[in-house]
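Pasted below: query34.cif, mmCIF, C-alpha atoms (C1' of nucleotides).
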```cif
data_coords
#
loop_
_atom_site.group_PDB
_atom_site.id
_atom_site.type_symbol
_atom_site.label_atom_id
_atom_site.label_comp_id
_atom_site.auth_asym_id
_atom_site.auth_seq_id
_atom_site.Cartn_x
_atom_site.Cartn_y
_atom_site.Cartn_z
ATOM 1 C CA MET A 294 2.673 6.161 3.445
ATOM 2 C CA PRO A 295 -0.425 4.185 3.095
ATOM 3 C CA GLU A 296 -0.563 0.724 4.564
ATOM 4 C CA LEU A 297 -3.580 -0.332 6.581
ATOM 5 C CA PRO A 298 -2.819 1.760 9.681
ATOM 6 C CA GLU A 299 -2.371 4.963 7.717
ATOM 7 C CA VAL A 300 -5.555 4.314 5.766
ATOM 8 C CA GLU A 301 -7.466 3.566 8.946
ATOM 9 C CA VAL A 302 -6.130 6.651 10.705
ATOM 10 C CA THR A 303 -7.107 8.702 7.669
ATOM 11 C CA ARG A 304 -10.583 7.195 7.716
ATOM 12 C CA ARG A 305 -11.059 8.032 11.379
ATOM 13 C CA SER A 306 -9.775 11.548 10.832
ATOM 14 C CA PHE A 307 -12.739 12.632 8.726
ATOM 15 C CA GLU A 308 -15.502 10.046 8.948
ATOM 16 C CA GLY A 309 -17.281 11.769 11.800
ATOM 17 C CA ARG A 310 -17.239 15.102 10.030
ATOM 18 C CA ILE A 311 -18.248 13.983 6.555
ATOM 19 C CA ALA A 312 -20.983 11.564 7.591
ATOM 20 C CA GLY A 313 -24.346 13.134 6.839
ATOM 21 C CA ALA A 314 -22.866 15.802 4.578
ATOM 22 C CA ARG A 315 -24.436 16.764 1.275
ATOM 23 C CA ILE A 316 -22.191 16.799 -1.797
ATOM 24 C CA VAL A 317 -22.343 20.128 -3.593
ATOM 25 C CA GLY A 318 -19.687 19.505 -6.230
ATOM 26 C CA ALA A 319 -16.556 17.672 -7.232
ATOM 27 C CA SER A 320 -13.547 18.235 -9.455
ATOM 28 C CA LEU A 321 -10.811 16.138 -10.995
ATOM 29 C CA GLY A 322 -7.151 16.898 -11.710
ATOM 30 C CA LYS A 323 -4.868 14.699 -13.751
ATOM 31 C CA PRO A 324 -5.909 11.089 -14.390
ATOM 32 C CA LEU A 325 -5.509 8.639 -11.530
ATOM 33 C CA ARG A 326 -5.153 4.884 -11.835
ATOM 34 C CA TRP A 327 -8.678 4.395 -13.178
ATOM 35 C CA PRO A 328 -11.318 6.742 -14.523
ATOM 36 C CA LEU A 329 -13.925 7.898 -12.027
ATOM 37 C CA GLY A 330 -16.660 6.102 -13.908
ATOM 38 C CA CYS A 331 -19.254 8.849 -13.658
ATOM 39 C CA SER A 332 -19.468 12.565 -14.260
ATOM 40 C CA VAL A 333 -18.494 14.844 -11.393
ATOM 41 C CA GLU A 334 -21.781 16.676 -11.909
ATOM 42 C CA SER A 335 -23.727 13.532 -11.094
ATOM 43 C CA LEU A 336 -22.214 13.434 -7.599
ATOM 44 C CA ALA A 337 -23.789 16.729 -6.614
ATOM 45 C CA GLY A 338 -26.819 16.311 -4.430
ATOM 46 C CA ARG A 339 -25.770 12.915 -3.052
ATOM 47 C CA ARG A 340 -25.473 12.508 0.684
ATOM 48 C CA VAL A 341 -22.481 10.879 2.370
ATOM 49 C CA LEU A 342 -23.654 8.194 4.786
ATOM 50 C CA GLY A 343 -20.297 7.089 6.170
ATOM 51 C CA VAL A 344 -16.789 5.916 5.457
ATOM 52 C CA ASP A 345 -15.811 2.252 5.586
ATOM 53 C CA ARG A 346 -12.484 0.582 4.964
ATOM 54 C CA ARG A 347 -11.697 -2.719 3.266
ATOM 55 C CA GLY A 348 -8.002 -3.498 3.235
ATOM 56 C CA LYS A 349 -6.334 -0.335 1.996
ATOM 57 C CA TYR A 350 -9.471 0.849 0.202
ATOM 58 C CA LEU A 351 -11.751 3.492 1.638
ATOM 59 C CA LEU A 352 -15.436 3.261 0.775
ATOM 60 C CA LEU A 353 -17.405 6.461 0.853
ATOM 61 C CA ARG A 354 -20.967 5.247 1.228
ATOM 62 C CA LEU A 355 -23.469 7.552 -0.432
ATOM 63 C CA ASP A 356 -27.251 7.533 -0.362
ATOM 64 C CA GLN A 357 -26.937 6.357 -3.930
ATOM 65 C CA GLY A 358 -23.877 4.280 -4.792
ATOM 66 C CA LEU A 359 -20.414 4.664 -3.344
ATOM 67 C CA LEU A 360 -16.982 6.067 -4.049
ATOM 68 C CA VAL A 361 -14.012 3.748 -3.736
ATOM 69 C CA LEU A 362 -10.777 5.536 -2.817
ATOM 70 C CA HIS A 363 -7.250 4.206 -2.786
ATOM 71 C CA LEU A 364 -4.130 6.119 -1.786
ATOM 72 C CA GLY A 365 -1.697 4.106 -3.887
ATOM 73 C CA MET A 366 1.929 4.672 -2.933
ATOM 74 C CA SER A 367 1.934 8.398 -2.378
ATOM 75 C CA GLY A 368 -1.635 9.463 -1.746
ATOM 76 C CA SER A 369 -3.091 11.325 1.205
ATOM 77 C CA LEU A 370 -6.482 12.736 1.999
ATOM 78 C CA SER A 371 -7.283 15.960 3.753
ATOM 79 C CA PHE A 372 -10.622 17.209 4.930
ATOM 80 C CA ALA A 373 -11.331 20.742 6.080
ATOM 81 C CA PRO A 374 -14.129 23.302 5.963
ATOM 82 C CA ALA A 375 -12.265 25.035 3.156
ATOM 83 C CA LEU A 376 -8.978 24.077 1.541
ATOM 84 C CA PRO A 377 -6.698 26.425 -0.392
ATOM 85 C CA ALA A 378 -6.575 26.271 -4.193
ATOM 86 C CA GLY A 379 -5.386 22.881 -5.395
ATOM 87 C CA GLY A 380 -1.751 22.302 -6.370
ATOM 88 C CA PRO A 381 -0.325 20.250 -9.227
ATOM 89 C CA HIS A 382 -0.668 17.014 -7.257
ATOM 90 C CA ASP A 383 -4.218 17.478 -6.035
ATOM 91 C CA HIS A 384 -6.310 15.269 -8.286
ATOM 92 C CA PHE A 385 -9.712 14.975 -6.688
ATOM 93 C CA ASP A 386 -11.837 17.350 -4.662
ATOM 94 C CA LEU A 387 -15.195 16.516 -3.158
ATOM 95 C CA LEU A 388 -17.060 19.578 -1.985
ATOM 96 C CA THR A 389 -19.687 19.051 0.674
ATOM 97 C CA ASP A 390 -21.709 21.310 2.929
ATOM 98 C CA ALA A 391 -19.578 20.045 5.836
ATOM 99 C CA GLY A 392 -16.187 20.530 4.236
ATOM 100 C CA GLN A 393 -13.892 19.650 1.422
ATOM 101 C CA LEU A 394 -12.237 16.274 0.885
ATOM 102 C CA ARG A 395 -9.078 16.337 -1.223
ATOM 103 C CA LEU A 396 -6.846 13.603 -2.615
ATOM 104 C CA HIS A 397 -3.206 14.628 -2.919
ATOM 105 C CA ASP A 398 -1.181 12.051 -4.848
ATOM 106 C CA PRO A 399 2.073 12.922 -6.639
ATOM 107 C CA ARG A 400 2.571 9.501 -8.241
ATOM 108 C CA ARG A 401 -1.102 9.033 -9.139
ATOM 109 C CA PHE A 402 -1.189 5.326 -8.327
ATOM 110 C CA GLY A 403 -4.217 6.144 -6.238
ATOM 111 C CA ALA A 404 -7.795 6.031 -7.415
ATOM 112 C CA VAL A 405 -11.304 7.332 -6.950
ATOM 113 C CA VAL A 406 -13.891 5.083 -8.556
ATOM 114 C CA TRP A 407 -17.650 5.344 -8.637
ATOM 115 C CA ALA A 408 -19.730 2.233 -8.024
ATOM 116 C CA PRO A 409 -23.495 2.485 -8.550
ATOM 117 C CA ASP A 410 -24.281 -0.131 -5.895
ATOM 118 C CA ASP A 411 -22.790 -2.874 -3.732
ATOM 119 C CA HIS A 412 -22.936 -5.377 -6.575
ATOM 120 C CA ALA A 413 -21.165 -3.287 -9.192
ATOM 121 C CA PRO A 414 -18.561 -5.264 -11.162
ATOM 122 C CA VAL A 415 -15.872 -2.727 -10.295
ATOM 123 C CA LEU A 416 -16.292 -3.558 -6.612
ATOM 124 C CA ASP A 417 -15.813 -7.216 -7.305
ATOM 125 C CA LYS A 418 -12.748 -6.462 -9.394
ATOM 126 C CA LEU A 419 -11.145 -4.365 -6.664
ATOM 127 C CA LEU A 420 -12.378 -6.010 -3.478
ATOM 128 C CA GLY A 421 -13.540 -9.440 -4.567
ATOM 129 C CA ARG A 422 -10.391 -11.370 -3.813
ATOM 130 C CA LEU A 423 -9.215 -9.562 -0.714
ATOM 131 C CA GLY A 424 -8.256 -11.627 2.317
ATOM 132 C CA MET A 425 -9.159 -11.381 5.986
ATOM 133 C CA GLU A 426 -9.215 -8.109 7.889
ATOM 134 C CA PRO A 427 -6.367 -8.434 10.406
ATOM 135 C CA LEU A 428 -7.961 -6.118 12.964
ATOM 136 C CA ALA A 429 -11.382 -7.745 12.825
ATOM 137 C CA ASP A 430 -12.754 -10.909 14.478
ATOM 138 C CA ASP A 431 -12.725 -12.250 10.952
ATOM 139 C CA PHE A 432 -8.950 -12.807 11.304
ATOM 140 C CA SER A 433 -9.071 -16.480 12.155
ATOM 141 C CA LEU A 434 -5.919 -18.288 13.218
ATOM 142 C CA ALA A 435 -7.152 -21.548 11.703
ATOM 143 C CA ALA A 436 -7.833 -19.927 8.336
ATOM 144 C CA PHE A 437 -4.464 -18.192 8.505
ATOM 145 C CA LYS A 438 -2.644 -21.466 9.110
ATOM 146 C CA ALA A 439 -4.571 -23.116 6.285
ATOM 147 C CA GLY A 440 -3.656 -20.252 3.966
ATOM 148 C CA LEU A 441 0.033 -20.644 4.784
ATOM 149 C CA LYS A 442 -0.098 -24.355 4.073
ATOM 150 C CA ALA A 443 -1.762 -23.749 0.705
ATOM 151 C CA SER A 444 0.950 -21.457 -0.653
ATOM 152 C CA ARG A 445 4.251 -22.260 -2.301
ATOM 153 C CA ALA A 446 5.238 -18.568 -2.345
ATOM 154 C CA SER A 447 7.577 -16.993 0.193
ATOM 155 C CA ILE A 448 5.806 -15.708 3.284
ATOM 156 C CA LYS A 449 6.726 -12.114 2.455
ATOM 157 C CA ARG A 450 5.148 -12.291 -0.974
ATOM 158 C CA LEU A 451 2.102 -14.094 0.339
ATOM 159 C CA LEU A 452 1.529 -11.327 2.878
ATOM 160 C CA LEU A 453 1.965 -8.569 0.306
ATOM 161 C CA ALA A 454 -0.451 -10.229 -2.115
ATOM 162 C CA GLY A 455 -3.342 -9.502 0.258
ATOM 163 C CA ARG A 456 -5.284 -12.626 -0.715
ATOM 164 C CA LEU A 457 -4.898 -14.249 2.679
ATOM 165 C CA VAL A 458 -4.808 -11.185 4.906
ATOM 166 C CA VAL A 459 -5.136 -7.548 3.804
ATOM 167 C CA GLY A 460 -3.429 -4.369 4.839
ATOM 168 C CA VAL A 461 0.099 -5.620 5.387
ATOM 169 C CA GLY A 462 2.385 -3.605 3.122
ATOM 170 C CA ASN A 463 6.098 -3.649 2.573
ATOM 171 C CA ILE A 464 7.015 -1.985 5.870
ATOM 172 C CA TYR A 465 4.724 -3.852 8.236
ATOM 173 C CA ALA A 466 5.413 -7.192 6.531
ATOM 174 C CA SER A 467 9.088 -6.879 7.432
ATOM 175 C CA GLU A 468 8.223 -5.713 10.937
ATOM 176 C CA ALA A 469 5.711 -8.487 11.610
ATOM 177 C CA LEU A 470 8.099 -11.154 10.327
ATOM 178 C CA PHE A 471 10.800 -9.798 12.622
ATOM 179 C CA LEU A 472 8.465 -9.991 15.614
ATOM 180 C CA ALA A 473 7.508 -13.542 14.666
ATOM 181 C CA ARG A 474 11.190 -14.435 14.086
ATOM 182 C CA ILE A 475 10.495 -15.712 10.570
ATOM 183 C CA ARG A 476 12.764 -14.952 7.620
ATOM 184 C CA PRO A 477 10.899 -13.216 4.762
ATOM 185 C CA THR A 478 12.174 -15.727 2.215
ATOM 186 C CA THR A 479 10.721 -18.719 4.080
ATOM 187 C CA GLN A 480 8.251 -20.675 1.984
ATOM 188 C CA ALA A 481 4.828 -20.106 3.534
ATOM 189 C CA ARG A 482 3.857 -23.771 3.592
ATOM 190 C CA ARG A 483 6.943 -24.589 5.646
ATOM 191 C CA ILE A 484 5.802 -22.449 8.553
ATOM 192 C CA GLY A 485 4.636 -24.698 11.367
ATOM 193 C CA PRO A 486 1.893 -24.094 13.955
ATOM 194 C CA ALA A 487 4.039 -22.295 16.521
ATOM 195 C CA ARG A 488 5.537 -19.838 14.074
ATOM 196 C CA ALA A 489 2.198 -19.382 12.316
ATOM 197 C CA GLU A 490 0.643 -18.440 15.626
ATOM 198 C CA ARG A 491 3.415 -15.957 16.350
ATOM 199 C CA LEU A 492 2.999 -14.388 12.927
ATOM 200 C CA HIS A 493 -0.764 -14.161 13.271
ATOM 201 C CA ALA A 494 -0.333 -12.323 16.565
ATOM 202 C CA ALA A 495 2.529 -10.201 15.231
ATOM 203 C CA ILE A 496 0.524 -8.936 12.261
ATOM 204 C CA ARG A 497 -2.301 -7.851 14.503
ATOM 205 C CA SER A 498 0.029 -6.348 17.063
ATOM 206 C CA VAL A 499 2.136 -4.385 14.584
ATOM 207 C CA LEU A 500 -0.910 -2.950 12.821
ATOM 208 C CA GLU A 501 -2.764 -2.157 16.025
ATOM 209 C CA GLN A 502 0.224 -0.345 17.473
ATOM 210 C CA ALA A 503 0.643 1.635 14.288
ATOM 211 C CA VAL A 504 -3.008 2.676 14.314
ATOM 212 C CA THR A 505 -2.640 3.765 17.919
ATOM 213 C CA ALA A 506 0.581 5.654 17.200
ATOM 214 C CA GLY A 507 -0.952 7.219 14.107
ATOM 215 C CA GLY A 508 -4.006 8.136 16.081
ATOM 216 C CA SER A 509 -2.073 9.836 18.818
ATOM 217 C CA THR A 510 0.417 11.457 16.478
ATOM 218 C CA LEU A 511 -2.311 12.210 13.944
ATOM 219 C CA ARG A 512 -1.295 13.408 10.513
ATOM 220 C CA ASP A 513 2.351 12.682 11.189
ATOM 221 C CA PHE A 514 2.704 9.198 9.752
ATOM 222 C CA GLN A 515 6.476 9.539 9.686
ATOM 223 C CA ALA A 516 6.563 9.569 13.461
ATOM 224 C CA ALA A 517 4.228 6.595 13.566
ATOM 225 C CA ASP A 518 6.448 4.242 11.592
ATOM 226 C CA GLY A 519 9.709 5.968 12.371
ATOM 227 C CA ARG A 520 10.911 3.529 14.981
ATOM 228 C CA SER A 521 10.981 0.369 12.975
ATOM 229 C CA ASP A 522 12.984 -2.651 14.081
ATOM 230 C CA VAL A 523 14.167 -3.717 10.649
ATOM 231 C CA TYR A 524 12.590 -1.764 7.783
ATOM 232 C CA GLY A 525 15.098 0.587 6.186
ATOM 233 C CA ARG A 526 17.792 -0.429 8.670
ATOM 234 C CA GLU A 527 20.157 -2.450 6.483
ATOM 235 C CA GLY A 528 23.552 -2.658 8.184
ATOM 236 C CA ALA A 529 22.289 -1.149 11.443
ATOM 237 C CA PRO A 530 22.409 -3.292 14.605
ATOM 238 C CA CYS A 531 19.445 -5.504 15.421
ATOM 239 C CA HIS A 532 17.575 -4.134 18.441
ATOM 240 C CA THR A 533 17.603 -7.620 19.952
ATOM 241 C CA CYS A 534 21.027 -9.112 19.189
ATOM 242 C CA SER A 535 23.060 -6.301 17.552
ATOM 243 C CA THR A 536 23.670 -8.331 14.382
ATOM 244 C CA PRO A 537 23.591 -6.066 11.303
ATOM 245 C CA ILE A 538 20.175 -6.068 9.622
ATOM 246 C CA ALA A 539 20.200 -7.654 6.165
ATOM 247 C CA MET A 540 18.263 -6.758 3.030
ATOM 248 C CA VAL A 541 17.041 -8.957 0.179
ATOM 249 C CA ARG A 542 14.997 -8.207 -2.917
ATOM 250 C CA GLN A 543 11.804 -10.178 -3.380
ATOM 251 C CA GLY A 544 9.879 -9.376 -6.535
ATOM 252 C CA GLN A 545 11.137 -5.815 -6.917
ATOM 253 C CA ARG A 546 10.510 -5.078 -3.229
ATOM 254 C CA SER A 547 13.029 -4.789 -0.418
ATOM 255 C CA SER A 548 12.746 -7.041 2.608
ATOM 256 C CA PHE A 549 14.706 -6.451 5.797
ATOM 257 C CA PHE A 550 15.494 -9.021 8.465
ATOM 258 C CA CYS A 551 17.911 -10.003 11.199
ATOM 259 C CA PRO A 552 19.953 -13.002 10.013
ATOM 260 C CA VAL A 553 20.261 -14.282 13.588
ATOM 261 C CA CYS A 554 16.836 -13.601 15.131
ATOM 262 C CA GLN A 555 15.120 -14.741 11.939
ATOM 263 C CA ARG A 556 16.853 -18.005 11.148
ATOM 264 C CA PRO A 557 15.816 -19.793 7.942
ATOM 265 C "C1'" DA B 217 -4.833 -22.669 -10.911
ATOM 266 C "C1'" DT B 218 -1.093 -20.333 -8.809
ATOM 267 C "C1'" DT B 219 3.002 -17.492 -9.201
ATOM 268 C "C1'" DC B 220 5.865 -13.993 -11.119
ATOM 269 C "C1'" DT B 221 6.950 -9.850 -13.786
ATOM 270 C "C1'" DC B 222 5.626 -5.687 -15.471
ATOM 271 C "C1'" DA B 223 3.486 -1.326 -15.686
ATOM 272 C "C1'" DC B 224 1.554 2.802 -14.060
ATOM 273 C "C1'" DC B 225 3.971 8.026 -12.361
ATOM 274 C "C1'" DT B 226 6.680 11.533 -9.933
ATOM 275 C "C1'" DG B 227 10.300 12.908 -6.777
ATOM 276 C "C1'" DC B 228 14.401 12.332 -4.267
ATOM 277 C "C1'" DG B 229 19.012 11.023 -2.884
ATOM 278 C "C1'" DG B 230 23.481 9.205 -4.180
ATOM 279 C "C1'" DG B 231 27.332 8.816 -7.341
ATOM 280 C "C1'" DC B 232 29.949 10.641 -10.988
ATOM 281 C "C1'" DT C 194 26.024 22.127 -10.166
ATOM 282 C "C1'" DG C 195 23.846 18.994 -13.154
ATOM 283 C "C1'" DC C 196 22.784 14.510 -15.085
ATOM 284 C "C1'" DC C 197 21.714 9.690 -14.720
ATOM 285 C "C1'" DC C 198 20.405 5.855 -12.069
ATOM 286 C "C1'" DG C 199 17.909 3.340 -8.771
ATOM 287 C "C1'" DC C 200 14.587 3.393 -5.448
ATOM 288 C "C1'" DA C 201 10.097 4.604 -2.987
ATOM 289 C "C1'" DG C 202 4.880 2.600 1.814
ATOM 290 C "C1'" DG C 203 0.431 -0.715 -4.101
ATOM 291 C "C1'" DT C 204 -1.726 -3.785 -6.997
ATOM 292 C "C1'" DG C 205 -4.248 -5.246 -11.378
ATOM 293 C "C1'" DA C 206 -3.138 -7.293 -15.890
ATOM 294 C "C1'" DG C 207 -1.081 -10.516 -18.365
ATOM 295 C "C1'" DA C 208 2.562 -13.732 -19.031
ATOM 296 C "C1'" DA C 209 4.770 -18.060 -17.452
#
```
Could the structure of this file be written out as structure tokens, please?
Amino acid sequence: MPELPEVEVTRRSFEGRIAGARIVGASLGKPLRWPLGCSVESLAGRRVLGVDRRGKYLLLRLDQGLLVLHLGMSGSLSFAPALPAGGPHDHFDLLTDAGQLRLHDPRRFGAVVWAPDDHAPVLDKLLGRLGMEPLADDFSLAAFKAGLKASRASIKRLLLAGRLVVGVGNIYASEALFLARIRPTTQARRIGPARAERLHAAIRSVLEQAVTAGGSTLRDFQAADGRSDVYGREGAPCHTCSTPIAMVRQGQRSSFFCPVCQRP
DNA sequence: ATTCTCACCTGCGGGC
DNA sequence: TGCCCGCAGGTGAGAA
């Protein structure tokens, strides 16, 4: 589920309730991608100041240090005054005086990592090379064009790498490229000004719409990305020209496109 | 330096 | 039905 819109919708769903809360305890299930980096006991007594997002990472700001959360491929967070006993796929619980935050993650590609302060090496490792935030003013068209010109990789792989712009995952990359009428296999540096501008706008538009849909649907991400134009629609008619949607593999990931609307 | 492949882990759907 | 295979929305590490 979790590309930028899902992460952002998740963030909004509990930030207002957890901000200001006092941590009273925490517990871990099976190992996640990385060790927590501190004892769960040491979290007790800390106060949660707020929840920020950088790319697909959530940053739980505490009065002392912060917790970095990632949902991986299959993670989801829930927050409620009291949650039922954890199941086999619940791997992190944060108990606060305002409610309980729980990470559910069957595949365990997700993570919860403690950072003692804003300059901790782990933050640099995880966030240090992330690209522009597509929904922020920081998402400059000029910088985007320059980034395209500097890359020999295909545009799809460049987007997924997150070094130029963050938050675009496998679904929204295909969708944005469809909107911009660019084939996923196109070498990034071969994308001219007009197409670059369309893609820049398409990325923002696709993500914004998904956040809005996720926000109105709330907690039903399926409905939010259910009506895709190309993703998962191999062989089905293009919504624009009725040509069957095609699929290619790019670095172990599937890309979907319309062979006619997205000419090479 | 960039770019590409692999690995991490579990569940599910399709084909036999 | 049951087994085996491939695939799934991410991304850092290490190899080319």
If we count only C-alpha atoms (C1' of nucleotides), which residues of chain A reach to within 10 Å of chain C? Please list them as a CSV table (one decimal) with C-alpha atoms, in the frame of the given file.
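Saved as selection_5.csv:
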```csv
chain,number,residue,atom,x,y,z
A,294,MET,CA,2.7,6.2,3.4
A,295,PRO,CA,-0.4,4.2,3.1
A,296,GLU,CA,-0.6,0.7,4.6
A,299,GLU,CA,-2.4,5.0,7.7
A,349,LYS,CA,-6.3,-0.3,2.0
A,363,HIS,CA,-7.2,4.2,-2.8
A,364,LEU,CA,-4.1,6.1,-1.8
A,365,GLY,CA,-1.7,4.1,-3.9
A,366,MET,CA,1.9,4.7,-2.9
A,367,SER,CA,1.9,8.4,-2.4
A,402,PHE,CA,-1.2,5.3,-8.3
A,403,GLY,CA,-4.2,6.1,-6.2
A,418,LYS,CA,-12.7,-6.5,-9.4
A,419,LEU,CA,-11.1,-4.4,-6.7
A,453,LEU,CA,2.0,-8.6,0.3
A,454,ALA,CA,-0.5,-10.2,-2.1
A,455,GLY,CA,-3.3,-9.5,0.3
A,462,GLY,CA,2.4,-3.6,3.1
A,463,ASN,CA,6.1,-3.6,2.6
A,464,ILE,CA,7.0,-2.0,5.9
A,465,TYR,CA,4.7,-3.9,8.2
A,545,GLN,CA,11.1,-5.8,-6.9
A,546,ARG,CA,10.5,-5.1,-3.2
A,547,SER,CA,13.0,-4.8,-0.4
```
| request: Report as a VMD selection string the set of chain A residues whose atoms approach chain B to within 8 Å, with distances computed over all atoms listed in the file. | output: chain A and resid 326 399 to 402 446 544
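For the pair atom CA of Arg347 of chain A and atom CA of Ile496 of chain A, the interatomic distance is 16.4 Å.
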| atom CA of Thr479 of chain A and atom CA of Ala466 of chain A, how far apart in Å? | 12.9 Å
| message | Between atom CA of Leu370 of chain A and atom CA of Asp356 of chain A, what is the distance in Å, rounded to a tenth? | response |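 Atom-to-atom, atom CA of Leu370 of chain A to atom CA of Asp356 of chain A, that is 21.5 Å.
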| When distances are computed from all atoms listed in the file, which of A:Ala487, A:Cys554, A:Ala436, A:Ile316 shows the smallest separation from Leu470 of chain A? |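 Answer, going by the shortest atom-to-atom distance: A:Cys554.
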| What do you get, as number ranges by chain, if you spell out every residue that the PyMOL selection byres ((chain A and resi 521) around 12) selects here? | A: 464-469, 471-472, 499, 502-503, 515-520, 522-527, 529, 531-532, 538, 549-550
Expected file: the selected residues, C-alpha atoms, as a short mmCIF file (atom, residue, chain, number, x, y, z; two decimals), keeping the file's coordinate frame:
```
data_model
loop_
_atom_site.label_atom_id
_atom_site.label_comp_id
_atom_site.auth_asym_id
_atom_site.auth_seq_id
_atom_site.Cartn_x
_atom_site.Cartn_y
_atom_site.Cartn_z
CA ILE A 464 7.02 -1.98 5.87
CA TYR A 465 4.72 -3.85 8.24
CA ALA A 466 5.41 -7.19 6.53
CA SER A 467 9.09 -6.88 7.43
CA GLU A 468 8.22 -5.71 10.94
CA ALA A 469 5.71 -8.49 11.61
CA PHE A 471 10.80 -9.80 12.62
CA LEU A 472 8.46 -9.99 15.61
CA VAL A 499 2.14 -4.38 14.58
CA GLN A 502 0.22 -0.34 17.47
CA ALA A 503 0.64 1.64 14.29
CA GLN A 515 6.48 9.54 9.69
CA ALA A 516 6.56 9.57 13.46
CA ALA A 517 4.23 6.60 13.57
CA ASP A 518 6.45 4.24 11.59
CA GLY A 519 9.71 5.97 12.37
CA ARG A 520 10.91 3.53 14.98
CA ASP A 522 12.98 -2.65 14.08
CA VAL A 523 14.17 -3.72 10.65
CA TYR A 524 12.59 -1.76 7.78
CA GLY A 525 15.10 0.59 6.19
CA ARG A 526 17.79 -0.43 8.67
CA GLU A 527 20.16 -2.45 6.48
CA ALA A 529 22.29 -1.15 11.44
CA CYS A 531 19.44 -5.50 15.42
CA HIS A 532 17.58 -4.13 18.44
CA ILE A 538 20.18 -6.07 9.62
CA PHE A 549 14.71 -6.45 5.80
CA PHE A 550 15.49 -9.02 8.46
#
```
| Residues at most 12 Å from Pro377 of chain A, counting only C-alpha atoms (C1' of nucleotides), excluding those fewer than 2 positions away in the same chain, as a list in words? |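 Here the qualifying residues turn out to be Ser371, Phe372, Ala373, Pro374, Ala375, Gly379, Gly380, Asp383, Asp386, Gln393, Leu394 and Arg395 of chain A.
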| query | Mind listing as a list of chain:residue names all residues within 10 Å of (17.5, -20.2, 1.9), counting all atoms listed in the file? | reply |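 Residues with an atom close enough to that point: A:Arg476, A:Thr478, A:Thr479, A:Gln480, A:Arg556, A:Pro557.
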| Looking at A:Gly528, A:Pro409, A:Gly392, A:Gly358, which one is nearest to Phe307 of chain A, with distances taken over all atoms listed in the file? |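 Answer, going by the shortest atom-to-atom distance: A:Gly392.
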Under the PyMOL selection byres ((chain A and resi 458) around 8), which residues of this model are included? Write them out as an mmCIF file with C-alpha atoms, keeping the file's coordinate frame.
```cif
data_model
loop_
_atom_site.group_PDB
_atom_site.id
_atom_site.type_symbol
_atom_site.label_atom_id
_atom_site.label_comp_id
_atom_site.auth_asym_id
_atom_site.auth_seq_id
_atom_site.Cartn_x
_atom_site.Cartn_y
_atom_site.Cartn_z
ATOM 1 C CA LEU A 423 -9.215 -9.562 -0.714
ATOM 2 C CA GLY A 424 -8.256 -11.627 2.317
ATOM 3 C CA MET A 425 -9.159 -11.381 5.986
ATOM 4 C CA GLU A 426 -9.215 -8.109 7.889
ATOM 5 C CA PRO A 427 -6.367 -8.434 10.406
ATOM 6 C CA PHE A 432 -8.950 -12.807 11.304
ATOM 7 C CA PHE A 437 -4.464 -18.192 8.505
ATOM 8 C CA LEU A 452 1.529 -11.327 2.878
ATOM 9 C CA GLY A 455 -3.342 -9.502 0.258
ATOM 10 C CA ARG A 456 -5.284 -12.626 -0.715
ATOM 11 C CA LEU A 457 -4.898 -14.249 2.679
ATOM 12 C CA VAL A 459 -5.136 -7.548 3.804
ATOM 13 C CA GLY A 460 -3.429 -4.369 4.839
ATOM 14 C CA VAL A 461 0.099 -5.620 5.387
#
```
